[in-house]
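J.: File follows, start32.txt with compact mmCIF, C-alpha atoms and all ligand atoms:
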# COMPACT_ATOMS: atom_id res chain seq x y z
CA MET A 159 6.74 38.01 -109.70
CA GLU A 160 5.70 41.39 -108.42
CA ARG A 161 7.19 44.21 -110.44
CA ILE A 162 7.43 47.98 -110.22
CA GLU A 163 4.33 49.74 -111.54
CA ILE A 164 4.98 52.15 -114.37
CA GLU A 165 1.83 54.16 -115.07
CA LYS A 166 1.01 54.93 -118.70
CA ASP A 167 1.29 58.66 -117.97
CA ASN A 168 4.78 58.35 -116.45
CA LEU A 169 6.77 61.02 -118.34
CA SER A 170 10.16 59.44 -117.62
CA ILE A 171 9.87 55.70 -118.15
CA ASP A 172 8.13 53.34 -120.57
CA ARG A 173 7.63 49.60 -120.31
CA ILE A 174 7.43 47.45 -123.47
CA GLU A 175 4.93 44.88 -122.18
CA GLU A 176 5.81 42.24 -124.80
CA LYS A 177 9.42 42.23 -123.60
CA CYS A 178 8.67 42.03 -119.86
CA LEU A 179 9.72 38.71 -118.25
CA HIS A 180 7.78 39.45 -115.01
CA CYS A 181 11.01 38.56 -113.18
CA GLY A 182 10.69 41.31 -110.55
CA VAL A 183 14.29 42.59 -110.97
CA CYS A 184 12.93 46.13 -111.38
CA LEU A 185 11.20 45.99 -108.01
CA LYS A 186 14.29 44.56 -106.30
CA THR A 187 16.40 47.36 -107.79
CA CYS A 188 13.96 49.99 -106.62
CA GLN A 189 13.73 48.53 -103.12
CA SER A 190 17.52 48.48 -102.79
CA LEU A 191 17.74 52.17 -103.73
CA ASN A 192 14.49 53.77 -102.66
CA ASN A 193 12.49 51.25 -100.60
CA LEU A 194 9.31 53.32 -100.58
CA ALA A 195 6.35 52.00 -98.65
CA ASN A 196 3.82 52.05 -101.48
CA LYS A 197 6.27 51.26 -104.31
CA ASP A 198 5.64 54.60 -105.97
CA CYS A 199 8.06 55.69 -108.67
CA LEU A 200 10.51 58.56 -108.12
CA ASN A 201 11.45 58.52 -111.83
CA CYS A 202 15.18 57.89 -111.19
CA GLY A 203 15.13 55.12 -113.81
CA GLN A 204 17.65 52.85 -112.09
CA CYS A 205 15.34 49.94 -112.99
CA LEU A 206 16.15 50.64 -116.67
CA LEU A 207 19.77 49.78 -116.03
CA THR A 208 19.07 46.37 -114.47
CA CYS A 209 16.03 45.13 -116.47
CA PRO A 210 17.41 41.93 -118.08
CA SER A 211 15.20 42.05 -121.17
CA GLY A 212 15.34 45.76 -122.00
CA ALA A 213 11.59 46.08 -121.38
CA LEU A 214 12.10 49.30 -119.43
CA ILE A 215 13.28 52.25 -121.50
CA PRO A 216 13.38 56.05 -121.21
CA LYS A 217 10.18 57.70 -122.44
CA PHE A 218 11.64 58.44 -125.85
CA THR A 219 11.14 61.93 -127.28
CA TYR A 220 14.07 61.98 -129.71
CA LYS A 221 11.87 61.32 -132.77
CA GLN A 222 10.01 64.58 -132.11
CA VAL A 223 13.35 66.34 -131.79
CA LEU A 224 14.48 64.87 -135.14
CA ASN A 225 11.31 66.29 -136.74
CA TYR A 226 12.11 69.78 -135.43
CA LEU A 227 15.69 69.47 -136.68
CA HIS A 228 14.29 69.42 -140.22
CA ASP A 229 12.03 72.44 -139.64
CA THR A 230 13.74 75.66 -140.70
CA ASN A 231 11.13 77.79 -138.90
CA TYR A 232 12.82 77.13 -135.58
CA THR A 233 16.21 77.73 -133.98
CA LEU A 234 17.24 74.46 -132.33
CA VAL A 235 19.33 74.79 -129.18
CA VAL A 236 20.76 71.82 -127.30
CA LEU A 237 22.11 71.95 -123.73
CA THR A 238 24.44 69.13 -122.73
CA SER A 239 24.78 67.88 -119.14
CA PRO A 240 28.30 67.15 -117.82
CA ALA A 241 27.74 63.39 -117.34
CA VAL A 242 26.83 62.67 -120.98
CA ARG A 243 30.33 63.35 -122.36
CA VAL A 244 31.92 60.66 -120.15
CA ALA A 245 29.32 57.98 -120.99
CA ILE A 246 28.37 58.36 -124.68
CA GLY A 247 31.56 56.46 -125.61
CA ASP A 248 30.09 53.24 -124.10
CA GLU A 249 27.72 53.15 -127.08
CA PHE A 250 30.53 53.34 -129.62
CA GLY A 251 33.19 51.00 -128.25
CA TYR A 252 35.35 53.44 -126.25
CA GLU A 253 36.98 52.68 -122.90
CA ALA A 254 34.80 53.31 -119.84
CA GLY A 255 34.82 56.97 -118.77
CA GLU A 256 36.49 58.33 -121.92
CA PHE A 257 36.04 62.12 -122.17
CA LEU A 258 34.37 62.75 -125.54
CA GLU A 259 33.15 66.33 -125.21
CA GLY A 260 34.47 67.42 -128.63
CA LYS A 261 32.94 64.49 -130.53
CA MET A 262 29.64 64.89 -128.66
CA VAL A 263 29.41 68.56 -129.69
CA SER A 264 30.39 67.62 -133.23
CA ALA A 265 27.68 64.91 -133.40
CA LEU A 266 25.05 67.41 -132.24
CA ARG A 267 26.10 69.89 -134.94
CA ASN A 268 25.96 67.10 -137.54
CA LEU A 269 22.45 66.24 -136.40
CA GLY A 270 21.45 69.82 -137.24
CA PHE A 271 21.34 71.75 -133.96
CA ASP A 272 21.92 75.45 -134.57
CA TYR A 273 23.50 76.10 -131.15
CA VAL A 274 25.23 73.72 -128.76
CA PHE A 275 25.47 75.07 -125.20
CA ASP A 276 26.94 73.53 -122.07
CA THR A 277 24.77 72.77 -119.05
CA THR A 278 28.03 73.10 -117.10
CA PHE A 279 27.36 76.84 -117.51
CA GLY A 280 23.88 76.18 -116.03
CA ALA A 281 25.54 74.34 -113.15
CA ASP A 282 27.78 77.38 -112.56
CA LEU A 283 24.69 79.55 -112.42
CA THR A 284 23.11 77.16 -109.91
CA VAL A 285 26.29 77.29 -107.83
CA MET A 286 26.19 81.11 -107.79
CA GLU A 287 22.56 81.20 -106.66
CA GLU A 288 22.82 78.31 -104.20
CA ALA A 289 26.08 79.51 -102.65
CA TYR A 290 24.43 82.90 -102.09
CA GLU A 291 21.50 81.13 -100.42
CA LEU A 292 23.91 79.16 -98.20
CA VAL A 293 25.75 82.35 -97.23
CA GLU A 294 22.45 84.01 -96.24
CA HIS A 295 21.54 80.94 -94.17
CA LEU A 296 24.90 81.01 -92.39
CA LYS A 297 24.62 84.73 -91.63
CA GLN A 298 21.18 84.14 -90.11
CA ASP A 299 22.18 80.93 -88.30
CA LYS A 300 19.47 79.14 -90.26
CA LYS A 301 19.66 75.43 -91.12
CA PRO A 302 19.39 73.06 -92.89
CA LEU A 303 19.72 73.84 -96.59
CA PHE A 304 19.08 70.87 -98.88
CA THR A 305 20.25 70.81 -102.51
CA SER A 306 17.47 70.81 -105.11
CA CYS A 307 19.15 69.80 -108.37
CA CYS A 308 18.06 66.13 -108.33
CA PRO A 309 14.37 65.95 -109.30
CA SER A 310 13.93 62.46 -107.80
CA TRP A 311 15.10 63.79 -104.43
CA VAL A 312 12.77 66.80 -104.76
CA LEU A 313 9.90 64.45 -105.65
CA TYR A 314 10.70 62.31 -102.59
CA MET A 315 10.53 65.45 -100.42
CA GLN A 316 7.25 66.51 -102.03
CA LYS A 317 5.69 63.09 -101.46
CA TYR A 318 7.03 62.25 -98.00
CA HIS A 319 8.07 65.49 -96.28
CA GLU A 320 5.67 68.09 -97.60
CA ASN A 321 6.03 70.19 -94.44
CA ASP A 322 9.82 70.44 -94.88
CA LEU A 323 9.88 71.77 -98.45
CA ASN A 324 11.25 75.08 -97.17
CA TYR A 325 14.53 73.27 -96.36
CA LEU A 326 15.10 72.73 -100.09
CA SER A 327 17.13 75.33 -101.90
CA THR A 328 14.85 77.45 -104.10
CA CYS A 329 17.31 77.04 -106.98
CA LYS A 330 15.97 75.44 -110.13
CA SER A 331 18.19 72.69 -111.52
CA PRO A 332 21.04 73.63 -113.92
CA ILE A 333 18.99 72.59 -116.98
CA ALA A 334 16.00 74.66 -115.93
CA MET A 335 18.20 77.69 -115.21
CA LEU A 336 19.98 77.37 -118.54
CA GLY A 337 16.66 76.93 -120.36
CA ALA A 338 15.46 80.20 -118.79
CA MET A 339 18.66 81.92 -119.94
CA VAL A 340 18.25 80.65 -123.51
CA LYS A 341 14.66 81.89 -123.73
CA THR A 342 15.56 85.36 -122.35
CA TYR A 343 19.24 86.39 -122.47
CA PHE A 344 20.13 84.44 -125.64
CA ALA A 345 16.78 85.21 -127.35
CA ASP A 346 17.01 88.95 -126.62
CA PHE A 347 20.66 89.21 -127.60
CA ASN A 348 20.06 87.47 -130.94
CA ASN A 349 16.64 89.01 -131.51
CA ILE A 350 14.92 85.65 -131.88
CA PRO A 351 11.29 85.35 -130.69
CA GLN A 352 11.04 82.94 -127.76
CA ASP A 353 8.41 80.82 -129.50
CA LYS A 354 10.79 80.23 -132.41
CA ILE A 355 13.42 78.63 -130.17
CA ILE A 356 13.24 74.92 -129.36
CA THR A 357 15.37 73.95 -126.36
CA VAL A 358 16.50 70.35 -126.00
CA ALA A 359 18.22 69.20 -122.81
CA LEU A 360 20.58 66.26 -123.33
CA THR A 361 20.97 64.49 -120.00
CA PRO A 362 21.98 61.27 -118.24
CA CYS A 363 18.70 61.53 -116.35
CA VAL A 364 15.19 60.24 -117.06
CA SER A 365 13.80 62.09 -114.02
CA LYS A 366 14.44 65.39 -115.82
CA LYS A 367 11.81 64.39 -118.36
CA SER A 368 9.16 64.66 -115.63
CA GLU A 369 10.75 67.68 -113.96
CA MET A 370 10.91 69.72 -117.17
CA ALA A 371 7.21 69.19 -117.87
CA LYS A 372 6.75 71.85 -115.13
CA TYR A 373 8.85 74.47 -116.89
CA ARG A 374 8.13 76.14 -120.22
CA ASP A 375 11.78 76.93 -120.94
CA ILE A 376 12.78 73.37 -121.89
CA ASP A 377 10.84 71.85 -124.78
CA PHE A 378 12.37 68.36 -124.83
CA VAL A 379 14.61 66.23 -122.63
CA ILE A 380 16.57 63.45 -124.31
CA THR A 381 18.95 60.97 -122.67
CA THR A 382 22.46 59.78 -123.54
CA ARG A 383 20.86 56.61 -124.94
CA GLU A 384 18.60 58.68 -127.20
CA LEU A 385 21.58 60.64 -128.50
CA ALA A 386 23.22 57.34 -129.48
CA LEU A 387 20.01 56.29 -131.29
CA MET A 388 19.88 59.60 -133.15
CA ILE A 389 23.52 59.27 -134.21
CA ARG A 390 22.89 55.73 -135.50
CA GLU A 391 19.58 56.54 -137.21
CA CYS A 392 21.20 59.47 -139.01
CA ALA A 393 24.13 57.26 -140.05
CA ILE A 394 26.74 59.49 -138.43
CA ASP A 395 30.11 57.83 -137.95
CA PHE A 396 30.78 58.92 -134.35
CA LYS A 397 34.36 57.68 -134.23
CA ALA A 398 35.28 59.60 -137.38
CA LEU A 399 33.94 62.95 -136.12
CA PRO A 400 36.42 65.77 -135.53
CA ASP A 401 36.25 67.58 -132.19
CA SER A 402 34.06 70.66 -132.06
CA LEU A 403 33.68 73.47 -129.49
CA PHE A 404 30.58 74.73 -127.67
CA ASP A 405 29.01 77.98 -128.83
CA LYS A 406 29.94 81.10 -126.93
CA MET A 407 27.72 83.02 -124.48
CA LEU A 408 26.31 79.96 -122.65
CA GLY A 409 28.98 77.45 -123.56
CA LEU A 410 31.76 77.89 -121.03
CA GLY A 411 31.72 75.91 -117.79
CA SER A 412 34.12 75.82 -114.85
CA GLY A 413 35.56 72.74 -113.17
CA ALA A 414 33.04 73.33 -110.38
CA GLY A 415 30.18 73.12 -112.88
CA LEU A 416 31.59 69.93 -114.37
CA ILE A 417 31.85 68.04 -111.07
CA PHE A 418 28.06 68.40 -110.64
CA ALA A 419 28.01 65.10 -112.53
CA SER A 420 29.30 63.19 -109.52
CA SER A 421 27.94 62.63 -106.02
CA GLY A 422 29.59 65.18 -103.71
CA GLY A 423 30.30 67.51 -106.65
CA VAL A 424 27.42 69.90 -106.05
CA MET A 425 28.56 70.32 -102.44
CA GLU A 426 32.23 70.86 -103.36
CA ALA A 427 31.33 73.32 -106.12
CA ALA A 428 29.00 75.35 -103.89
CA LEU A 429 31.51 75.47 -101.01
CA ARG A 430 34.25 76.89 -103.27
CA THR A 431 32.01 79.81 -104.21
CA ALA A 432 30.35 80.26 -100.79
CA TYR A 433 33.81 80.58 -99.21
CA TYR A 434 34.66 83.32 -101.70
CA MET A 435 31.37 85.13 -101.09
CA LEU A 436 31.90 85.03 -97.31
CA ASN A 437 35.57 86.00 -97.21
CA LYS A 438 36.24 87.87 -100.48
CA GLU A 439 39.19 85.57 -101.10
CA LYS A 440 39.61 82.20 -102.81
CA ALA A 441 39.17 79.10 -100.68
CA PRO A 442 42.23 77.17 -99.44
CA GLN A 443 43.58 74.33 -101.58
CA GLU A 444 41.65 71.57 -99.74
CA PHE A 445 38.37 72.96 -101.16
CA TYR A 446 39.60 71.77 -104.57
CA HIS A 447 40.16 68.19 -103.41
CA LEU A 448 37.37 67.31 -100.99
CA THR A 449 38.09 63.64 -101.58
CA SER A 450 36.30 62.47 -98.42
CA ILE A 451 32.91 63.52 -99.83
CA ARG A 452 33.54 62.38 -103.42
CA GLY A 453 32.41 59.18 -105.09
CA GLU A 454 29.81 56.65 -104.25
CA LYS A 455 29.59 56.56 -100.47
CA ASP A 456 26.13 56.11 -98.94
CA PHE A 457 26.38 58.85 -96.34
CA VAL A 458 29.33 61.10 -95.52
CA GLU A 459 29.49 63.93 -93.04
CA ALA A 460 32.22 66.50 -92.56
CA THR A 461 32.99 69.73 -90.77
CA ILE A 462 34.24 72.46 -93.08
CA ASP A 463 36.10 75.54 -91.90
CA MET A 464 34.58 78.50 -93.79
CA LYS A 465 36.93 80.90 -91.89
CA ILE A 466 34.11 82.98 -90.38
CA LYS A 467 32.61 79.80 -88.96
CA LYS A 468 32.78 76.02 -89.12
CA ILE A 469 29.84 74.30 -90.80
CA LYS A 470 28.53 70.75 -90.74
CA ILE A 471 27.74 69.17 -94.08
CA ALA A 472 26.41 65.81 -95.29
CA VAL A 473 26.52 64.15 -98.72
CA VAL A 474 23.95 61.43 -99.30
CA ASN A 475 23.93 58.97 -102.15
CA LYS A 476 20.64 57.17 -102.96
CA ILE A 477 17.22 58.01 -101.53
CA ILE A 478 17.22 55.03 -99.17
CA ASN A 479 20.10 56.62 -97.26
CA ALA A 480 18.31 59.97 -97.02
CA GLN A 481 15.26 58.10 -95.77
CA THR A 482 17.15 56.15 -93.10
CA ASN A 483 18.99 59.25 -91.88
CA TYR A 484 16.19 61.76 -92.44
CA ALA A 485 15.79 62.91 -88.79
CA LYS A 486 19.47 63.80 -88.46
CA LEU A 487 19.67 65.61 -91.84
CA LYS A 488 18.13 68.64 -90.13
CA ASP A 489 21.21 68.99 -87.90
CA TYR A 490 23.49 69.86 -90.81
CA ASP A 491 24.03 73.29 -92.33
CA PHE A 492 24.13 71.99 -95.91
CA VAL A 493 23.05 68.62 -97.30
CA GLU A 494 23.46 67.21 -100.82
CA VAL A 495 21.25 64.31 -101.89
CA MET A 496 21.47 62.53 -105.26
CA ALA A 497 19.15 59.64 -106.13
CA CYS A 498 21.41 57.67 -108.46
CA PRO A 499 24.48 55.68 -107.32
CA GLY A 500 27.53 57.89 -107.86
CA GLY A 501 25.28 60.84 -108.80
CA CYS A 502 24.28 61.76 -112.36
CA VAL A 503 27.18 59.78 -113.90
CA GLY A 504 25.05 56.76 -112.93
CA GLY A 505 21.74 58.23 -114.18
CA GLY A 506 18.94 56.04 -115.55
CA GLY A 507 19.32 57.52 -119.06
CA GLN A 508 22.95 56.44 -119.41
CA PRO A 509 23.98 53.56 -121.71
CA VAL A 510 23.11 50.13 -120.38
CA ASN A 511 26.09 47.98 -119.41
CA THR A 512 26.14 44.54 -117.87
CA THR A 513 24.89 44.88 -114.31
CA SER A 514 28.12 43.55 -112.81
CA LYS A 515 30.17 46.24 -114.57
CA GLN A 516 28.02 49.28 -113.79
CA LYS A 517 29.93 50.32 -110.65
CA GLU A 518 33.24 50.05 -112.48
CA TYR A 519 31.89 52.25 -115.31
CA ARG A 520 30.60 54.85 -112.87
CA GLU A 521 33.97 54.95 -111.10
CA GLU A 522 35.79 55.54 -114.39
CA ARG A 523 33.38 58.39 -115.29
CA ILE A 524 33.90 59.97 -111.86
CA LYS A 525 37.69 59.67 -112.19
CA THR A 526 37.60 61.44 -115.57
CA ILE A 527 35.38 64.25 -114.30
CA TYR A 528 37.71 65.05 -111.37
CA ASN A 529 40.83 64.79 -113.57
CA ILE A 530 39.37 67.38 -115.93
CA ASP A 531 38.45 69.65 -113.00
CA ASN A 532 41.99 69.30 -111.72
CA ASN A 533 43.41 70.46 -115.05
CA LYS A 534 40.97 73.31 -115.69
CA ASN A 535 42.18 76.87 -115.42
CA ILE A 536 38.77 77.98 -114.17
CA LYS A 537 37.80 75.93 -111.14
CA GLU A 538 35.18 78.20 -109.55
CA SER A 539 31.82 79.30 -110.89
CA PHE A 540 32.36 82.95 -109.93
CA ASP A 541 35.56 82.95 -112.00
CA ASN A 542 33.77 81.88 -115.21
CA PRO A 543 33.88 84.96 -117.52
CA GLU A 544 30.64 83.98 -119.28
CA ILE A 545 28.91 83.82 -115.88
CA GLN A 546 30.34 87.25 -114.99
CA ASP A 547 29.09 88.68 -118.33
CA ALA A 548 25.64 87.16 -117.86
CA TYR A 549 25.21 88.71 -114.38
CA ARG A 550 26.66 92.07 -115.37
CA SER A 551 24.85 92.54 -118.65
CA TYR A 552 21.56 90.74 -118.11
CA ILE A 553 20.60 88.96 -114.86
CA SER A 554 21.19 92.09 -112.75
CA LYS A 555 18.88 94.12 -115.00
CA ASN A 556 16.18 91.68 -116.14
CA LYS A 557 13.84 89.17 -114.60
CA VAL A 558 15.10 85.65 -115.28
CA SER A 559 13.27 82.78 -113.61
CA LEU A 560 16.05 80.96 -111.74
CA HIS A 561 14.16 79.96 -108.59
CA THR A 562 11.07 77.99 -107.60
CA ASN A 563 9.35 77.07 -104.32
CA HIS A 564 8.96 73.32 -105.04
CA LYS A 565 5.37 73.46 -103.78
CA CYS A 566 3.04 71.20 -105.77
CA ASN A 567 -0.11 72.70 -107.13
CA SER A 568 -1.09 69.65 -109.10
CA LYS A 569 -1.46 66.00 -108.18
CA LEU A 570 1.92 64.27 -107.85
CA PRO A 571 2.63 61.20 -109.93
CA MET A 572 2.22 58.20 -107.57
FE1 LIG A 601 18.75 62.50 -112.35
FE2 LIG A 601 21.19 62.85 -111.33
FE3 LIG A 601 19.08 62.71 -109.70
FE4 LIG A 601 19.89 60.53 -110.99
S1 LIG A 601 21.07 61.70 -109.43
S2 LIG A 601 17.75 61.24 -110.79
S3 LIG A 601 20.61 61.41 -112.94
S4 LIG A 601 19.50 64.33 -111.21
Take the structure in the file and give it back as structure tokens.

T.:
Amino acid sequence: MERIEIEKDNLSIDRIEEKCLHCGVCLKTCQSLNNLANKDCLNCGQCLLTCPSGALIPKFTYKQVLNYLHDTNYTLVVLTSPAVRVAIGDEFGYEAGEFLEGKMVSALRNLGFDYVFDTTFGADLTVMEEAYELVEHLKQDKKPLFTSCCPSWVLYMQKYHENDLNYLSTCKSPIAMLGAMVKTYFADFNNIPQDKIITVALTPCVSKKSEMAKYRDIDFVITTRELALMIRECAIDFKALPDSLFDKMLGLGSGAGLIFASSGGVMEAALRTAYYMLNKEKAPQEFYHLTSIRGEKDFVEATIDMKIKKIKIAVVNKIINAQTNYAKLKDYDFVEVMACPGGCVGGGGQPVNTTSKQKEYREERIKTIYNIDNNKNIKESFDNPEIQDAYRSYISKNKVSLHTNHKCNSKLPM
């Protein structure tokens, strides 16, 4: 059977040829989610989650990370994406969607990381920058603005809509922003030379492995599955670990940063802050429960009252739905697109469950994420005191690379 081509130089995905059954399930998965004319890979890694023989795996880099963890010449910093903490439990016999942030941080400390930071802080930073961009667009009656945090969506735009790249937000993704902060703000504050810091992004996403090859601020990207392998190979008893807290400075995230993990979350988070920037007052209660745009719907549109004006938004789940609706996306003020079903909670680097149960697992992860947001004291990125400190003491005075133009100077992976 025809199967999806995975080139040897693909930075996100590997195929173990001896395990491949040539059943074509990978191609069917890709066609149902992306359906690209020439079967080129967008690196989302959804085929990893349906491959019946386990022949498709993330491009593993965790062994290199383990080597650095034993090298005392370097300071090892790990940045953990929101969706990992609600999925790592699948590997160790927990209920679907269990929130295991404390044990995850503890495991990373046991593995030997010197600092454990939260990419939820990076998501808050992205919200601040992207909400500002949205506000500028609205003031100038300019549209559309497309989110840019999903690298598979950005790659789709680069390959198929090269002339529309200016619609993409210039914001780097949360991991890339946080990596830049570690190699500047954190390095300067602690007087550590940049080249002595190794940054490791722990993510649900295999696409980030390709994305981060463009940026010097992230040295390695490992997936939730790789974290589980590291824990097992180092004989750490995950269930017996006590809870541990993130390190300060880049370790505090708001509810808005946390909901980045779910489809619709980037939109909801950005609107909370954009409303505040436009009106100098907190958004009404409905901005904290935008249930109509949450979850795993293919395409949702809504009109949001931002007080100074009403805006039209769209939330799109899976590239195939962005493709089908592409012409009308330009009519919206703000559009979120995530490649994976349910958003990053369903990323290709998450633990593999039986195909029939995957939706159920994603729904449990999404439920947990929104419950935590609901119970957080800090629900907006601008209200995060570590974000306020970072802007006041560093970003406003120093050059930190938080933006990019998404233009491709080199040949794209096809
Ligand atoms: Fe990665 Fe999330 Fe995009 Fe999936 S939706 S490719 S996990 S950024």

J.: Given a cut-off of 7 Å, what residues near ligand LIG 601 (chain A) show up using all atoms listed in the file, put as a ChimeraX atom specification?

T.: /A:201-202,307-311,362-366,496-498,501-506

J.: So, counting all atoms listed in the file, which residue among A:Phe347, A:Phe378, A:Tyr484, A:Tyr528 is closest to Ser421 in chain A?

T.: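 Among A:Phe347, A:Phe378, A:Tyr484, A:Tyr528, it is A:Tyr528 that comes nearest to Ser421 in chain A.
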
J.: Find the distance between CA of Gly260 in chain A and CA of Thr526 in chain A and write it in Å to one decimal.

T.: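 These two atoms are separated by 14.7 Å.
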
J.: Would you mind listing, for every residue of range 208-303 of chain A within 10 Å of range 556-563 of chain A, the two atoms forming the shortest contact and the distance between them in Å to one decimal, using all atoms listed in the file, sorted by chain and ascending residue number, as CSV?

T.:
residue,atom,partner,partner_atom,distance
A:Leu283,CA,A:Leu560,CA,8.8
A:Thr284,CA,A:Leu560,CA,8.2
A:Glu287,CA,A:Leu560,CA,8.3
A:Glu288,CA,A:His561,CA,9.8

J.: Take CA of Asn348 in chain A and CA of Thr233 in chain A and report the distance between them in Å, one decimal.

T.: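 Calculated distance between CA of Asn348 in chain A and CA of Thr233 in chain A is 10.9 Å.
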
J.: Select, from A:Ile171, A:Leu416, A:Leu194, A:Met388, the residue with the minimum atom-to-atom distance to Asn225 in chain A, counting only C-alpha atoms.

T.: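 Under the stated criterion, the closest residue is A:Met388.
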
J.: Within 12 Å of (33.0, 72.1, -133.0) (coordinates as in the file), grab all the protein and nucleic acid residues, counting only C-alpha atoms, and write them out as a PyMOL selection string.

T.: chain A and resi 259-268+271-275+399-406+409

J.: Of the candidates A:Val235, A:Val285, A:Leu385, A:Ile462, which shows the shortest atom-to-atom distance to Val340 in chain A, using all atoms listed in the file?

T.: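 The answer is A:Val235, which sits nearest to Val340 in chain A.
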
J.: Mind giving me the straight-line distance from CA of Asp276 in chain A to CA of Ile471 in chain A in Å, one decimal?

T.: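 About the pair CA of Asp276 in chain A and CA of Ile471 in chain A: they are 28.3 Å apart.
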
J.: For a cut-off of 6 Å around (20.2, 74.1, -94.1), file coordinates, pick out all residues using all atoms listed in the file and list them as a PyMOL selection string.

T.: chain A and resi 301-304+491-492

J.: Out of A:Ala548, A:Ala213, A:Leu169, A:Ile162, which residue has the shortest atom-to-atom distance to Asn196 in chain A when counting all atoms listed in the file?

T.: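 With all atoms listed in the file as the atom set, the closest residue is A:Ile162.
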
J.: Pick the closest to Leu206 in chain A from A:Lys467, A:His447, A:Arg383, A:Lys166: which is it, counting all atoms listed in the file?

T.: A:Arg383

J.: Contacts of Lys438 in chain A at 12 Å or less, counting only C-alpha atoms, minus same-chain residues fewer than 6 places along, as a list in words?

T.: Arg430, Thr431, Ala432, Met464, Lys465, Ile466 and Phe540 of chain A
